[in-house]
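Peer 1: Contents of model-v2.txt (compact mmCIF, C-alpha atoms) are given next:
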```txt
# COMPACT_ATOMS: atom_id res chain seq x y z
CA MET A 26 19.55 23.42 -29.73
CA GLY A 27 17.93 25.81 -27.32
CA GLU A 28 20.99 26.16 -25.14
CA TYR A 29 23.16 27.74 -27.84
CA ASN A 30 23.05 31.54 -27.95
CA PHE A 31 25.19 31.93 -31.06
CA PRO A 32 24.98 30.76 -34.66
CA ILE A 33 25.02 26.97 -35.07
CA PRO A 34 23.72 24.73 -37.86
CA GLY A 35 19.95 24.61 -37.52
CA SER A 36 19.61 27.94 -35.70
CA PRO A 37 17.80 30.95 -37.25
CA ASP A 38 21.10 32.80 -37.85
CA GLU A 39 22.76 29.84 -39.49
CA ASP A 40 23.70 31.92 -42.53
CA LYS A 41 26.32 33.78 -40.50
CA ILE A 42 28.42 30.64 -40.30
CA ILE A 43 31.34 30.46 -42.69
CA ILE A 44 33.14 27.39 -41.41
CA PHE A 45 31.79 24.76 -39.00
CA ALA A 46 34.46 22.29 -37.96
CA ARG A 47 34.87 19.49 -35.45
CA ARG A 48 38.04 17.88 -34.27
CA HIS A 49 39.55 15.53 -36.81
CA TRP A 50 38.63 11.86 -36.29
CA ALA A 51 42.29 10.87 -36.30
CA SER A 52 42.75 12.74 -33.03
CA TYR A 53 40.30 10.26 -31.45
CA LEU A 54 42.32 7.19 -32.52
CA GLY A 55 44.25 7.01 -29.27
CA GLN A 56 41.11 6.90 -27.15
CA PHE A 57 39.51 4.48 -29.57
CA PHE A 58 42.34 1.97 -29.24
CA LEU A 59 42.33 2.41 -25.49
CA SER A 60 38.62 1.64 -25.44
CA VAL A 61 39.12 -1.48 -27.54
CA PHE A 62 41.91 -2.59 -25.20
CA LEU A 63 39.74 -2.10 -22.13
CA LEU A 64 36.95 -4.15 -23.72
CA VAL A 65 39.18 -6.99 -24.85
CA PHE A 66 41.68 -7.15 -21.96
CA PRO A 67 39.45 -8.95 -19.38
CA ILE A 68 38.45 -11.57 -21.90
CA VAL A 69 42.10 -12.30 -22.66
CA ILE A 70 42.96 -12.49 -18.95
CA ILE A 71 40.07 -14.82 -18.18
CA ALA A 72 40.86 -17.06 -21.13
CA ALA A 73 44.49 -17.29 -20.06
CA ALA A 74 43.52 -17.98 -16.42
CA TYR A 75 41.01 -20.67 -17.47
CA ARG A 76 43.70 -22.48 -19.43
CA LEU A 77 45.93 -22.48 -16.36
CA SER A 78 43.22 -23.61 -13.95
CA SER A 79 39.71 -24.66 -14.92
CA ASN A 80 38.42 -24.20 -11.34
CA ILE A 81 38.26 -20.41 -11.49
CA PHE A 82 34.51 -20.43 -12.27
CA ASN A 83 33.51 -23.04 -9.72
CA GLY A 84 31.42 -22.33 -6.61
CA ILE A 85 31.22 -18.91 -5.13
CA ALA A 86 33.89 -17.55 -7.49
CA LEU A 87 31.34 -17.42 -10.26
CA HIS A 88 29.26 -14.94 -8.27
CA PHE A 89 32.21 -12.59 -7.96
CA TRP A 90 33.12 -12.97 -11.62
CA THR A 91 29.56 -12.20 -12.71
CA ILE A 92 29.11 -9.14 -10.53
CA GLY A 93 32.63 -7.88 -11.18
CA LEU A 94 32.55 -8.23 -14.94
CA SER A 95 29.09 -6.68 -15.13
CA MET A 96 30.20 -3.59 -13.23
CA TYR A 97 33.49 -3.42 -15.15
CA TYR A 98 31.87 -3.47 -18.58
CA LEU A 99 29.18 -0.96 -17.60
CA ILE A 100 31.87 1.48 -16.38
CA VAL A 101 34.04 0.95 -19.48
CA LEU A 102 31.05 1.45 -21.77
CA ASN A 103 30.24 4.68 -20.00
CA PHE A 104 33.88 5.79 -20.28
CA ILE A 105 33.86 5.13 -24.03
CA PHE A 106 30.64 7.08 -24.51
CA VAL A 107 31.87 10.06 -22.46
CA ALA A 108 35.17 10.08 -24.34
CA TRP A 109 33.34 10.14 -27.65
CA ILE A 110 31.04 12.96 -26.54
CA THR A 111 34.11 14.94 -25.39
CA PHE A 112 35.68 14.46 -28.82
CA TYR A 113 32.55 15.00 -30.92
CA TYR A 114 31.40 18.19 -29.25
CA ASP A 115 34.73 20.00 -29.58
CA VAL A 116 33.35 22.37 -32.18
CA TYR A 117 34.82 25.42 -33.90
CA ILE A 118 32.55 27.89 -35.65
CA LEU A 119 33.89 30.71 -37.81
CA CYS A 120 31.36 33.50 -38.30
CA ARG A 121 31.54 36.86 -39.99
CA ASP A 122 32.39 38.74 -36.81
CA GLU A 123 33.60 36.13 -34.33
CA ILE A 124 35.23 32.79 -33.74
CA ILE A 125 33.37 30.40 -31.41
CA ASP A 126 35.25 27.61 -29.68
CA ILE A 127 33.19 25.00 -27.79
CA HIS A 128 35.26 22.65 -25.65
CA GLN A 129 33.24 19.78 -24.17
CA ILE A 130 34.42 18.05 -20.99
CA GLY A 131 32.44 14.86 -20.35
CA PHE A 132 28.72 15.00 -19.79
CA PHE A 133 28.60 18.00 -17.50
CA GLY A 134 31.42 20.33 -18.48
CA ARG A 135 31.68 22.80 -21.36
CA THR A 136 33.77 25.86 -22.09
CA THR A 137 32.51 28.24 -24.76
CA THR A 138 34.82 30.97 -26.00
CA GLN A 139 33.74 33.71 -28.40
CA ILE A 140 36.56 35.72 -29.93
CA SER A 141 35.69 38.95 -31.68
CA MET A 142 37.30 39.44 -35.07
CA LEU A 143 38.37 42.91 -34.04
CA ARG A 144 40.52 41.43 -31.27
CA VAL A 145 42.34 39.07 -33.59
CA GLN A 146 45.87 40.22 -34.27
CA ASP A 147 47.67 37.21 -35.65
CA VAL A 148 46.75 33.69 -36.72
CA SER A 149 49.16 30.81 -37.17
CA SER A 150 48.67 27.17 -38.08
CA GLN A 151 50.84 24.21 -37.19
CA VAL A 152 50.91 20.61 -38.31
CA LYS A 153 53.31 18.55 -36.20
CA GLY A 154 53.85 14.82 -36.24
CA ILE A 155 53.33 11.85 -38.53
CA PHE A 156 49.62 11.33 -38.04
CA PRO A 157 48.67 15.03 -38.35
CA THR A 158 50.70 15.29 -41.56
CA LEU A 159 49.29 12.03 -42.88
CA PHE A 160 45.66 12.82 -42.14
CA GLY A 161 45.86 16.59 -42.69
CA TYR A 162 44.93 18.07 -39.36
CA GLY A 163 46.67 20.38 -36.90
CA ASN A 164 46.37 23.33 -34.55
CA VAL A 165 45.46 26.93 -35.19
CA ILE A 166 46.72 29.55 -32.75
CA VAL A 167 44.80 32.81 -32.64
CA GLU A 168 46.58 35.71 -30.97
CA THR A 169 44.33 38.39 -29.65
CA ALA A 170 44.59 41.71 -27.93
CA GLY A 171 43.55 41.24 -24.36
CA GLU A 172 43.11 38.59 -21.75
CA ASN A 173 42.22 34.96 -22.28
CA THR A 174 40.58 34.28 -18.94
CA ALA A 175 39.73 36.58 -16.09
CA GLY A 176 42.86 37.82 -14.37
CA ASP A 177 45.14 35.77 -16.59
CA TYR A 178 46.97 37.55 -19.39
CA ASN A 179 47.15 34.86 -22.04
CA PRO A 180 46.10 36.28 -25.36
CA GLU A 181 46.55 33.06 -27.35
CA TYR A 182 43.68 30.74 -28.16
CA LEU A 183 44.44 27.22 -29.27
CA ILE A 184 42.12 25.54 -31.75
CA ALA A 185 43.31 21.94 -31.54
CA ALA A 186 43.21 19.10 -34.08
CA ILE A 187 41.20 20.94 -36.70
CA PRO A 188 41.06 19.63 -40.27
CA ARG A 189 42.98 21.75 -42.84
CA PRO A 190 44.36 24.26 -40.34
CA GLN A 191 46.07 26.37 -43.03
CA GLU A 192 42.78 26.96 -44.77
CA PHE A 193 41.09 27.87 -41.51
CA ALA A 194 43.85 30.31 -40.55
CA ALA A 195 43.80 31.96 -43.97
CA LYS A 196 40.05 32.35 -43.81
CA VAL A 197 40.26 33.92 -40.35
CA MET A 198 42.73 36.53 -41.59
CA GLN A 199 40.68 37.24 -44.67
CA ILE A 200 37.55 37.89 -42.62
CA HIS A 201 39.55 39.89 -40.09
CA ASN A 202 40.84 42.18 -42.85
CA GLU A 203 37.35 42.58 -44.27
CA VAL A 204 35.97 43.54 -40.86
CA ILE A 205 38.78 46.05 -40.32
CA GLN A 206 38.19 47.66 -43.70
CA LYS A 207 34.46 47.71 -43.22
CA GLN A 208 34.81 49.60 -39.97
CA ASN A 209 37.49 51.96 -41.37
CA LEU A 210 40.01 50.92 -38.78
CA ASP A 211 42.92 50.71 -41.22
CA ARG A 212 43.79 54.43 -41.18
CA PRO A 213 47.56 55.06 -40.98
CA THR A 214 47.13 57.61 -38.16
CA GLY A 215 44.63 57.30 -35.40
CA GLN A 216 42.85 59.78 -33.20
CA GLY A 217 44.34 59.92 -29.78
CA GLU A 218 46.66 61.64 -27.42
CA GLY A 219 49.97 62.61 -28.93
CA THR A 220 48.80 62.22 -32.55
CA ILE A 221 48.03 65.00 -35.01
CA PRO A 222 44.66 64.51 -36.73
CA PRO A 223 44.76 65.22 -40.48
CA GLY A 224 43.84 68.82 -41.29
CA SER A 225 44.62 70.24 -37.89
CA VAL A 226 47.73 72.10 -39.10
CA ASN A 227 47.07 75.19 -41.25
CA ARG A 228 49.16 76.53 -44.13
CA ASN A 229 51.16 78.87 -41.94
CA GLY A 230 52.39 76.02 -39.85
CA HIS A 231 50.31 76.92 -36.85
CA ASN A 232 48.73 74.03 -35.11
CA ASN A 233 45.04 74.37 -34.43
CA ASN A 234 45.36 71.84 -31.67
CA CYS A 235 46.58 73.74 -28.67
CA ASN A 236 47.85 70.56 -27.00
CA GLU A 237 50.54 69.96 -29.62
CA ALA A 238 54.13 70.78 -28.77
CA PRO A 239 55.78 73.64 -30.75
CA LYS A 240 57.89 72.67 -33.74
CA THR A 241 61.58 72.25 -33.23
CA GLN A 242 64.15 74.27 -35.10
CA TYR A 243 65.00 71.23 -37.26
CA GLN A 244 61.34 70.70 -38.23
CA GLN A 245 61.03 74.37 -39.20
CA MET A 246 64.17 74.14 -41.35
CA ILE A 247 62.85 71.05 -43.15
CA GLU A 248 59.54 72.76 -43.92
CA LYS A 249 61.28 75.85 -45.18
CA ASP A 250 63.41 73.74 -47.57
CA LYS A 251 60.28 72.00 -48.83
CA ASP A 252 58.57 75.30 -49.62
CA GLU A 253 61.60 76.56 -51.49
CA MET A 254 61.88 73.40 -53.56
CA ASN A 255 58.22 73.59 -54.58
CA TYR A 256 58.57 77.23 -55.75
CA THR A 257 61.68 76.42 -57.82
CA TYR A 258 59.94 73.44 -59.49
CA GLN A 259 56.97 75.55 -60.53
CA SER A 260 59.24 78.25 -62.02
CA SER A 261 61.08 75.75 -64.23
CA GLU A 262 57.80 74.61 -65.85
CA ASP A 263 56.96 78.15 -67.06
CA ASN A 264 56.82 78.95 -70.80
CA SER A 265 60.06 80.59 -71.87
CA THR A 266 58.26 83.02 -74.25
CA THR A 267 56.65 84.88 -71.46
CA ASP A 268 58.54 87.02 -69.03
CA LYS A 269 56.18 86.60 -66.17
CA PRO A 270 56.05 83.12 -64.59
CA MET A 271 52.63 81.49 -64.79
CA SER A 272 51.96 80.66 -61.21
CA SER A 273 48.18 80.79 -61.36
CA SER A 274 45.63 78.94 -63.46
CA TRP A 275 44.05 82.18 -64.58
CA ASP A 276 47.31 83.18 -66.32
CA ARG A 277 47.38 79.86 -68.14
CA LYS A 278 43.81 80.26 -69.42
CA GLU A 279 44.50 83.71 -70.74
CA LYS A 280 47.52 82.47 -72.68
CA ALA A 281 45.50 79.56 -74.10
CA ASN A 282 42.95 81.99 -75.51
CA ASP A 283 45.68 84.00 -77.17
CA ASP A 284 47.10 80.86 -78.75
CA GLU A 285 43.72 79.91 -80.16
CA VAL A 286 43.20 83.31 -81.73
CA GLU A 287 46.61 83.12 -83.36
CA ALA A 288 45.89 79.66 -84.74
CA ASN A 289 42.57 80.87 -86.19
CA ALA A 290 44.25 83.79 -87.89
CA LEU A 291 46.69 81.47 -89.68
CA ARG A 292 43.88 79.21 -90.96
CA PHE A 293 41.54 81.98 -92.07
CA PRO A 294 43.66 85.00 -93.13
CA GLU A 295 40.57 87.06 -93.94
CA ASN A 296 39.60 86.71 -90.35
CA ALA A 297 42.89 87.84 -88.91
CA PRO A 298 42.39 90.14 -85.97
CA GLU A 299 42.67 93.80 -86.73
CA ASN A 300 44.45 96.04 -84.39
CA GLY A 301 44.98 93.14 -82.11
CA LYS A 302 41.30 92.51 -81.61
CA PRO A 303 40.27 88.90 -82.02
CA VAL A 304 37.36 88.11 -84.37
CA VAL A 305 35.06 85.34 -83.29
CA HIS A 306 32.91 83.52 -85.89
CA ASP A 307 30.24 81.03 -85.03
CA THR A 308 30.42 79.38 -88.48
CA PRO A 309 32.87 79.78 -91.38
CA SER A 310 31.73 81.63 -94.56
CA ALA A 311 30.10 79.86 -97.51
CA GLU A 312 33.28 79.96 -99.59
CA VAL A 313 35.20 78.28 -96.79
CA GLN A 314 32.50 75.71 -96.40
CA SER A 315 32.47 74.75 -100.08
CA ALA A 316 36.25 74.64 -100.16
CA THR A 317 36.41 72.27 -97.26
CA LYS A 318 33.38 70.19 -98.16
CA GLU A 319 34.10 66.49 -98.33
CA GLU A 320 32.37 63.95 -100.52
CA GLY A 321 28.97 63.09 -99.19
CA GLU A 322 28.91 66.00 -96.80
CA ILE A 323 25.84 68.25 -96.79
CA SER A 324 26.53 72.02 -96.78
CA GLN A 325 24.63 74.57 -94.77
CA GLU A 326 23.32 76.16 -98.01
CA GLU A 327 21.77 72.91 -99.08
CA LEU A 328 20.22 72.45 -95.71
CA ASP A 329 18.74 75.95 -95.86
CA LYS A 330 17.25 75.24 -99.27
CA GLY A 331 15.51 72.16 -97.93
CA GLY A 332 14.08 69.60 -100.34
CA GLU A 333 15.07 66.07 -100.94
CA ILE A 334 18.44 64.95 -99.85
CA LYS A 335 19.93 62.14 -101.86
CA LEU A 336 21.93 59.62 -99.92
CA LYS A 337 24.48 57.35 -101.39
CA MET B 7 26.35 -13.38 -0.92
CA ILE B 8 23.12 -11.51 -0.82
CA ILE B 9 25.11 -8.45 0.19
CA LEU B 10 27.02 -8.66 -3.07
CA LEU B 11 23.74 -8.72 -4.94
CA ILE B 12 22.48 -5.69 -3.04
CA VAL B 13 25.70 -3.81 -3.84
CA TRP B 14 25.27 -4.67 -7.48
CA LEU B 15 21.66 -3.49 -7.49
CA ILE B 16 22.58 -0.18 -5.80
CA PHE B 17 25.38 0.32 -8.31
CA LEU B 18 22.96 -0.39 -11.15
CA PHE B 19 20.41 2.05 -9.80
CA GLY B 20 22.97 4.87 -9.49
CA PHE B 21 24.45 4.03 -12.88
CA ILE B 22 21.06 4.19 -14.61
CA ILE B 23 20.22 7.57 -13.04
CA PHE B 24 23.64 8.97 -13.94
CA ASN B 25 23.36 7.82 -17.54
CA ALA B 26 19.77 8.94 -17.88
CA TYR B 27 20.74 12.50 -16.98
CA GLY B 28 23.86 12.27 -19.14
CA VAL B 29 21.89 11.16 -22.17
CA TYR B 30 19.37 13.96 -21.51
CA ARG B 31 22.25 16.53 -21.45
CA VAL B 32 23.73 15.10 -24.62
CA TRP B 33 20.35 15.16 -26.34
CA SER B 34 19.77 18.79 -25.37
CA MET B 35 23.07 19.96 -26.87
CA ARG B 36 22.54 18.31 -30.22
CA ILE B 37 23.43 20.21 -33.36
CA LYS B 38 21.68 19.79 -36.67
CA GLY B 39 23.23 17.00 -38.72
CA ASP B 40 25.26 15.33 -35.99
CA LYS B 41 25.48 11.60 -35.31
CA VAL B 42 24.52 11.73 -31.64
CA GLY B 43 21.20 10.01 -32.26
CA ILE B 44 22.76 6.85 -33.65
CA VAL B 45 25.53 6.79 -31.07
CA VAL B 46 23.09 7.18 -28.17
CA LEU B 47 20.98 4.37 -29.60
CA VAL B 48 24.00 2.07 -29.87
CA TYR B 49 25.08 3.01 -26.35
CA LEU B 50 21.67 2.27 -24.85
CA VAL B 51 21.46 -1.03 -26.71
CA ALA B 52 24.91 -2.01 -25.38
CA LEU B 53 23.92 -1.02 -21.83
CA VAL B 54 20.72 -3.03 -22.02
CA ALA B 55 22.64 -5.99 -23.43
CA ILE B 56 25.21 -5.99 -20.62
CA ILE B 57 22.59 -5.52 -17.90
CA GLY B 58 20.41 -8.21 -19.49
CA VAL B 59 23.21 -10.78 -19.72
CA SER B 60 24.32 -9.99 -16.17
CA ALA B 61 20.78 -10.32 -14.88
CA ALA B 62 20.35 -13.63 -16.70
CA LEU B 63 23.53 -15.04 -15.18
CA ILE B 64 22.76 -13.68 -11.70
CA SER B 65 19.30 -15.23 -11.76
CA GLN B 66 20.85 -18.66 -12.39
CA LEU B 67 23.16 -18.45 -9.35
CA ASP B 68 22.42 -19.45 -5.74
CA TRP B 69 22.75 -16.33 -3.64
CA ASN B 70 21.92 -18.07 -0.37
CA THR B 71 25.42 -19.54 -0.21
CA GLN B 72 27.49 -18.38 2.77
CA VAL B 73 30.68 -16.43 1.89
CA PHE B 74 32.85 -17.82 4.67
CA ASN B 75 31.88 -21.45 4.11
CA LEU B 76 35.23 -22.93 3.13
CA GLU B 77 33.69 -26.12 1.76
CA SER B 78 31.79 -24.24 -0.91
CA LEU B 79 35.01 -22.66 -2.25
CA ASN B 80 36.19 -26.00 -3.70
CA LEU B 81 39.85 -24.94 -3.53
```
Please express the file's structure as C-alpha cells.

Peer 2:
Amino acid sequence: MGEYNFPIPGSPDEDKIIIFARRHWASYLGQFFLSVFLLVFPIVIIAAAYRLSSNIFNGIALHFWTIGLSMYYLIVLNFIFVAWITFYYDVYILCRDEIIDIHQIGFFGRTTTQISMLRVQDVSSQVKGIFPTLFGYGNVIVETAGENTAGDYNPEYLIAAIPRPQEFAAKVMQIHNEVIQKQNLDRPTGQGEGTIPPGSVNRNGHNNNCNEAPKTQYQQMIEKDKDEMNYTYQSSEDNSTTDKPMSSSWDRKEKANDDEVEANALRFPENAPENGKPVVHDTPSAEVQSATKEEGEISQEELDKGGEIKLK
Amino acid sequence: MIILLIVWLIFLFGFIIFNAYGVYRVWSMRIKGDKVGIVVLVYLVALVAIIGVSAALISQLDWNTQVFNLESLNL
C-alpha cells in the first residue's frame, strides 16, 4: 500500500473515502468464458484427433506435444491472471474533495486520474444492454471544466462498469454541491472584469468603479420610474388623519406616543391630560387597584402591610 | 531433440522471472480487504502443477532421438 498517495482502504486517511468501488464482476464474464475456452479447447482438439488416428502420440510426436502443451498452458494461465488483475484493480474512489480513477493495464501499466470536485460540472449515468440492466451496473460520465490529458481537450471522464451507477452519480453531485457551498462559490454574481460587485453603486447612481461604462438613457429612465413608484407607494400607506405624510420612523414614534396618551385618558378620566400635557403614572391609585383587583390577587396595600399571606 | 528441451528450459526460465516480478508488482499494489492473496496462491499452485506435470513427462521421454530420423516417426 505504500505506492498509493491518496486515500485507499487501509491508509491513514481512510476516513475521507465515501465510496470505494470496483468494476462489476459481470463485466469480467466475457474474459472468463474466453479463458475457459482457451483451457478446454486443446483438450477437445486432442481428443478428437486421437479418435481419428491413435498414432498422434507415438514416437517423436510425443516430445512436441509435451513441450507444446506445457508452453501453451503456461501462457494461457498467465493471460488469465493478467486479465483478472486488469479487471480487479480498476478501482473508483469517491472522496470528499476528489474522484480517483485507477485503471490497471496488465502487470506493468496503470493510469491514475484524480478529479477535483470543483472541476466537476455535470455527472450522468448510463445503463445500456441486457447484462448491465440485469446485473445492475453501468457507466458514469463526469464532465469537467478543463482538459482530460495534456494537450487534448476532452473534459469527459468515463467510469466504466460500476455497480449502481445512478447512486454513484447522485452522490458525486451531492458532494459537489456541498463543496461549492462550503467554499461560497454559489454567488449569483462573481468578481471579475465586466461585472459590478455588490455595493459598488451609490444611492445617487454614481458608480464607484471607474472602469464601469456610463448608464444608458434607457437605464436612467428605468431607475427614475422605480424611484417614483417607491415614493407613491409610501404615500398611500400614510394615516389619513394626519396632513403630513409619515415618511420617517421618528414621525411614526411620535404619533404612537400621542395615541397611548389618548388611550390612557379614556381609561382613567381623572388622569386626563390638562392643557394638553400628558400625565404619566408609574402605578394606578389605590381606588383603581381595588376596583380592578381579581380574586386571589394581592394588592400593593397588602404587600406594604406585610404579614402572613394566605394562599388558596 | 535436445534443442527442443533447451528451448523449453529457456522459455521456463524467462517465464518464471517474468511472473516473479509480476507477482511482486501485484503484491505491492494490494489494497486492504482484497482477494489478491488467494488468487496469487491459486495461480502459483497452478503454475507449479503445470511445470511439475510437464517435467514429469519430459523426464520419461528419450531426448537423444534424432529429429530427422524418418524411421522413428512411425508414420

Peer 1: Neighbours of range 38-48 of chain A within 8 Å (all atoms listed in the file; same-chain residues fewer than 5 positions away dropped), as a ChimeraX atom specification?

Peer 2: /A:31-33,112-121,185-188,193

Peer 1: Please check the contacts: residues of chain B at most 7 Å away from chain A, using all atoms listed in the file, listed as a ChimeraX atom specification.

Peer 2: /B:14,28,31-32,34-38,53,56,60,78-80

Peer 1: List the spatial neighbours of Val29 in chain B as number ranges by chain - criterion: any atom at most 8 Å away, all atoms listed in the file, same-chain residues fewer than 4 positions off excluded.

Peer 2: B: 25, 33, 46

Peer 1: Quote the spacing between CA of Gln139 in chain A and CA of Ser52 in chain A in Å to one decimal place.

Peer 2: 23.3 Å

Peer 1: Give me range 66-96 of chain A from this structure - N, CA and C atoms, as a PDB file, in the first residue's frame.

Peer 2:
```
ATOM      1  N   PHE A  66     -10.156 -25.922 -25.019  1.00  0.00           N
ATOM      2  CA  PHE A  66     -10.054 -26.124 -26.471  1.00  0.00           C
ATOM      3  C   PHE A  66      -8.980 -27.140 -26.886  1.00  0.00           C
ATOM      4  N   PRO A  67      -7.755 -27.070 -26.363  1.00  0.00           N
ATOM      5  CA  PRO A  67      -6.744 -28.067 -26.788  1.00  0.00           C
ATOM      6  C   PRO A  67      -7.129 -29.490 -26.419  1.00  0.00           C
ATOM      7  N   ILE A  68      -7.745 -29.638 -25.267  1.00  0.00           N
ATOM      8  CA  ILE A  68      -8.136 -30.977 -24.830  1.00  0.00           C
ATOM      9  C   ILE A  68      -9.155 -31.560 -25.799  1.00  0.00           C
ATOM     10  N   VAL A  69     -10.097 -30.735 -26.218  1.00  0.00           N
ATOM     11  CA  VAL A  69     -11.116 -31.180 -27.167  1.00  0.00           C
ATOM     12  C   VAL A  69     -10.480 -31.546 -28.504  1.00  0.00           C
ATOM     13  N   ILE A  70      -9.551 -30.715 -28.961  1.00  0.00           N
ATOM     14  CA  ILE A  70      -8.884 -30.973 -30.250  1.00  0.00           C
ATOM     15  C   ILE A  70      -8.092 -32.267 -30.195  1.00  0.00           C
ATOM     16  N   ILE A  71      -7.348 -32.477 -29.118  1.00  0.00           N
ATOM     17  CA  ILE A  71      -6.531 -33.669 -28.979  1.00  0.00           C
ATOM     18  C   ILE A  71      -7.408 -34.918 -28.895  1.00  0.00           C
ATOM     19  N   ALA A  72      -8.489 -34.814 -28.138  1.00  0.00           N
ATOM     20  CA  ALA A  72      -9.397 -35.956 -28.021  1.00  0.00           C
ATOM     21  C   ALA A  72      -9.994 -36.314 -29.377  1.00  0.00           C
ATOM     22  N   ALA A  73     -10.378 -35.290 -30.129  1.00  0.00           N
ATOM     23  CA  ALA A  73     -10.958 -35.542 -31.450  1.00  0.00           C
ATOM     24  C   ALA A  73      -9.917 -36.138 -32.391  1.00  0.00           C
ATOM     25  N   ALA A  74      -8.673 -35.616 -32.322  1.00  0.00           N
ATOM     26  CA  ALA A  74      -7.610 -36.127 -33.203  1.00  0.00           C
ATOM     27  C   ALA A  74      -7.236 -37.564 -32.828  1.00  0.00           C
ATOM     28  N   TYR A  75      -7.243 -37.890 -31.535  1.00  0.00           N
ATOM     29  CA  TYR A  75      -6.904 -39.245 -31.096  1.00  0.00           C
ATOM     30  C   TYR A  75      -7.939 -40.250 -31.551  1.00  0.00           C
ATOM     31  N   ARG A  76      -9.187 -39.843 -31.626  1.00  0.00           N
ATOM     32  CA  ARG A  76     -10.231 -40.743 -32.117  1.00  0.00           C
ATOM     33  C   ARG A  76     -10.069 -41.009 -33.605  1.00  0.00           C
ATOM     34  N   LEU A  77      -9.566 -39.987 -34.334  1.00  0.00           N
ATOM     35  CA  LEU A  77      -9.355 -40.176 -35.770  1.00  0.00           C
ATOM     36  C   LEU A  77      -8.140 -41.047 -36.044  1.00  0.00           C
ATOM     37  N   SER A  78      -7.039 -40.782 -35.286  1.00  0.00           N
ATOM     38  CA  SER A  78      -5.818 -41.552 -35.502  1.00  0.00           C
ATOM     39  C   SER A  78      -5.117 -41.723 -34.171  1.00  0.00           C
ATOM     40  N   SER A  79      -4.906 -42.942 -33.750  1.00  0.00           N
ATOM     41  CA  SER A  79      -4.323 -43.202 -32.433  1.00  0.00           C
ATOM     42  C   SER A  79      -2.806 -43.105 -32.451  1.00  0.00           C
ATOM     43  N   ASN A  80      -2.215 -42.766 -33.620  1.00  0.00           N
ATOM     44  CA  ASN A  80      -0.751 -42.700 -33.722  1.00  0.00           C
ATOM     45  C   ASN A  80      -0.195 -41.302 -33.444  1.00  0.00           C
ATOM     46  N   ILE A  81      -1.048 -40.376 -33.029  1.00  0.00           N
ATOM     47  CA  ILE A  81      -0.564 -38.999 -32.893  1.00  0.00           C
ATOM     48  C   ILE A  81       0.410 -38.841 -31.726  1.00  0.00           C
ATOM     49  N   PHE A  82       0.393 -39.783 -30.741  1.00  0.00           N
ATOM     50  CA  PHE A  82       1.277 -39.656 -29.602  1.00  0.00           C
ATOM     51  C   PHE A  82       2.451 -40.624 -29.678  1.00  0.00           C
ATOM     52  N   ASN A  83       2.648 -41.239 -30.817  1.00  0.00           N
ATOM     53  CA  ASN A  83       3.730 -42.209 -30.945  1.00  0.00           C
ATOM     54  C   ASN A  83       5.021 -41.539 -31.345  1.00  0.00           C
ATOM     55  N   GLY A  84       6.150 -42.059 -30.870  1.00  0.00           N
ATOM     56  CA  GLY A  84       7.488 -41.624 -31.298  1.00  0.00           C
ATOM     57  C   GLY A  84       7.791 -40.212 -30.870  1.00  0.00           C
ATOM     58  N   ILE A  85       8.400 -39.520 -31.845  1.00  0.00           N
ATOM     59  CA  ILE A  85       8.900 -38.183 -31.552  1.00  0.00           C
ATOM     60  C   ILE A  85       7.768 -37.173 -31.379  1.00  0.00           C
ATOM     61  N   ALA A  86       6.580 -37.523 -31.885  1.00  0.00           N
ATOM     62  CA  ALA A  86       5.454 -36.593 -31.781  1.00  0.00           C
ATOM     63  C   ALA A  86       5.121 -36.280 -30.324  1.00  0.00           C
ATOM     64  N   LEU A  87       5.346 -37.276 -29.473  1.00  0.00           N
ATOM     65  CA  LEU A  87       5.012 -37.052 -28.067  1.00  0.00           C
ATOM     66  C   LEU A  87       5.887 -35.957 -27.462  1.00  0.00           C
ATOM     67  N   HIS A  88       7.121 -35.864 -27.914  1.00  0.00           N
ATOM     68  CA  HIS A  88       8.006 -34.799 -27.405  1.00  0.00           C
ATOM     69  C   HIS A  88       7.436 -33.425 -27.736  1.00  0.00           C
ATOM     70  N   PHE A  89       6.998 -33.295 -29.006  1.00  0.00           N
ATOM     71  CA  PHE A  89       6.436 -31.993 -29.416  1.00  0.00           C
ATOM     72  C   PHE A  89       5.135 -31.671 -28.665  1.00  0.00           C
ATOM     73  N   TRP A  90       4.318 -32.712 -28.521  1.00  0.00           N
ATOM     74  CA  TRP A  90       3.052 -32.479 -27.780  1.00  0.00           C
ATOM     75  C   TRP A  90       3.340 -32.046 -26.354  1.00  0.00           C
ATOM     76  N   THR A  91       4.278 -32.674 -25.708  1.00  0.00           N
ATOM     77  CA  THR A  91       4.580 -32.358 -24.303  1.00  0.00           C
ATOM     78  C   THR A  91       5.086 -30.939 -24.155  1.00  0.00           C
ATOM     79  N   ILE A  92       6.109 -30.608 -24.956  1.00  0.00           N
ATOM     80  CA  ILE A  92       6.683 -29.260 -24.880  1.00  0.00           C
ATOM     81  C   ILE A  92       5.647 -28.209 -25.274  1.00  0.00           C
ATOM     82  N   GLY A  93       4.934 -28.474 -26.369  1.00  0.00           N
ATOM     83  CA  GLY A  93       3.962 -27.509 -26.873  1.00  0.00           C
ATOM     84  C   GLY A  93       2.832 -27.240 -25.905  1.00  0.00           C
ATOM     85  N   LEU A  94       2.249 -28.321 -25.366  1.00  0.00           N
ATOM     86  CA  LEU A  94       1.142 -28.135 -24.424  1.00  0.00           C
ATOM     87  C   LEU A  94       1.612 -27.472 -23.137  1.00  0.00           C
ATOM     88  N   SER A  95       2.802 -27.783 -22.691  1.00  0.00           N
ATOM     89  CA  SER A  95       3.336 -27.157 -21.479  1.00  0.00           C
ATOM     90  C   SER A  95       3.452 -25.648 -21.669  1.00  0.00           C
ATOM     91  N   MET A  96       4.061 -25.251 -22.789  1.00  0.00           N
ATOM     92  CA  MET A  96       4.206 -23.806 -23.040  1.00  0.00           C
ATOM     93  C   MET A  96       2.847 -23.145 -23.230  1.00  0.00           C
TER      94      MET A  96
END
```
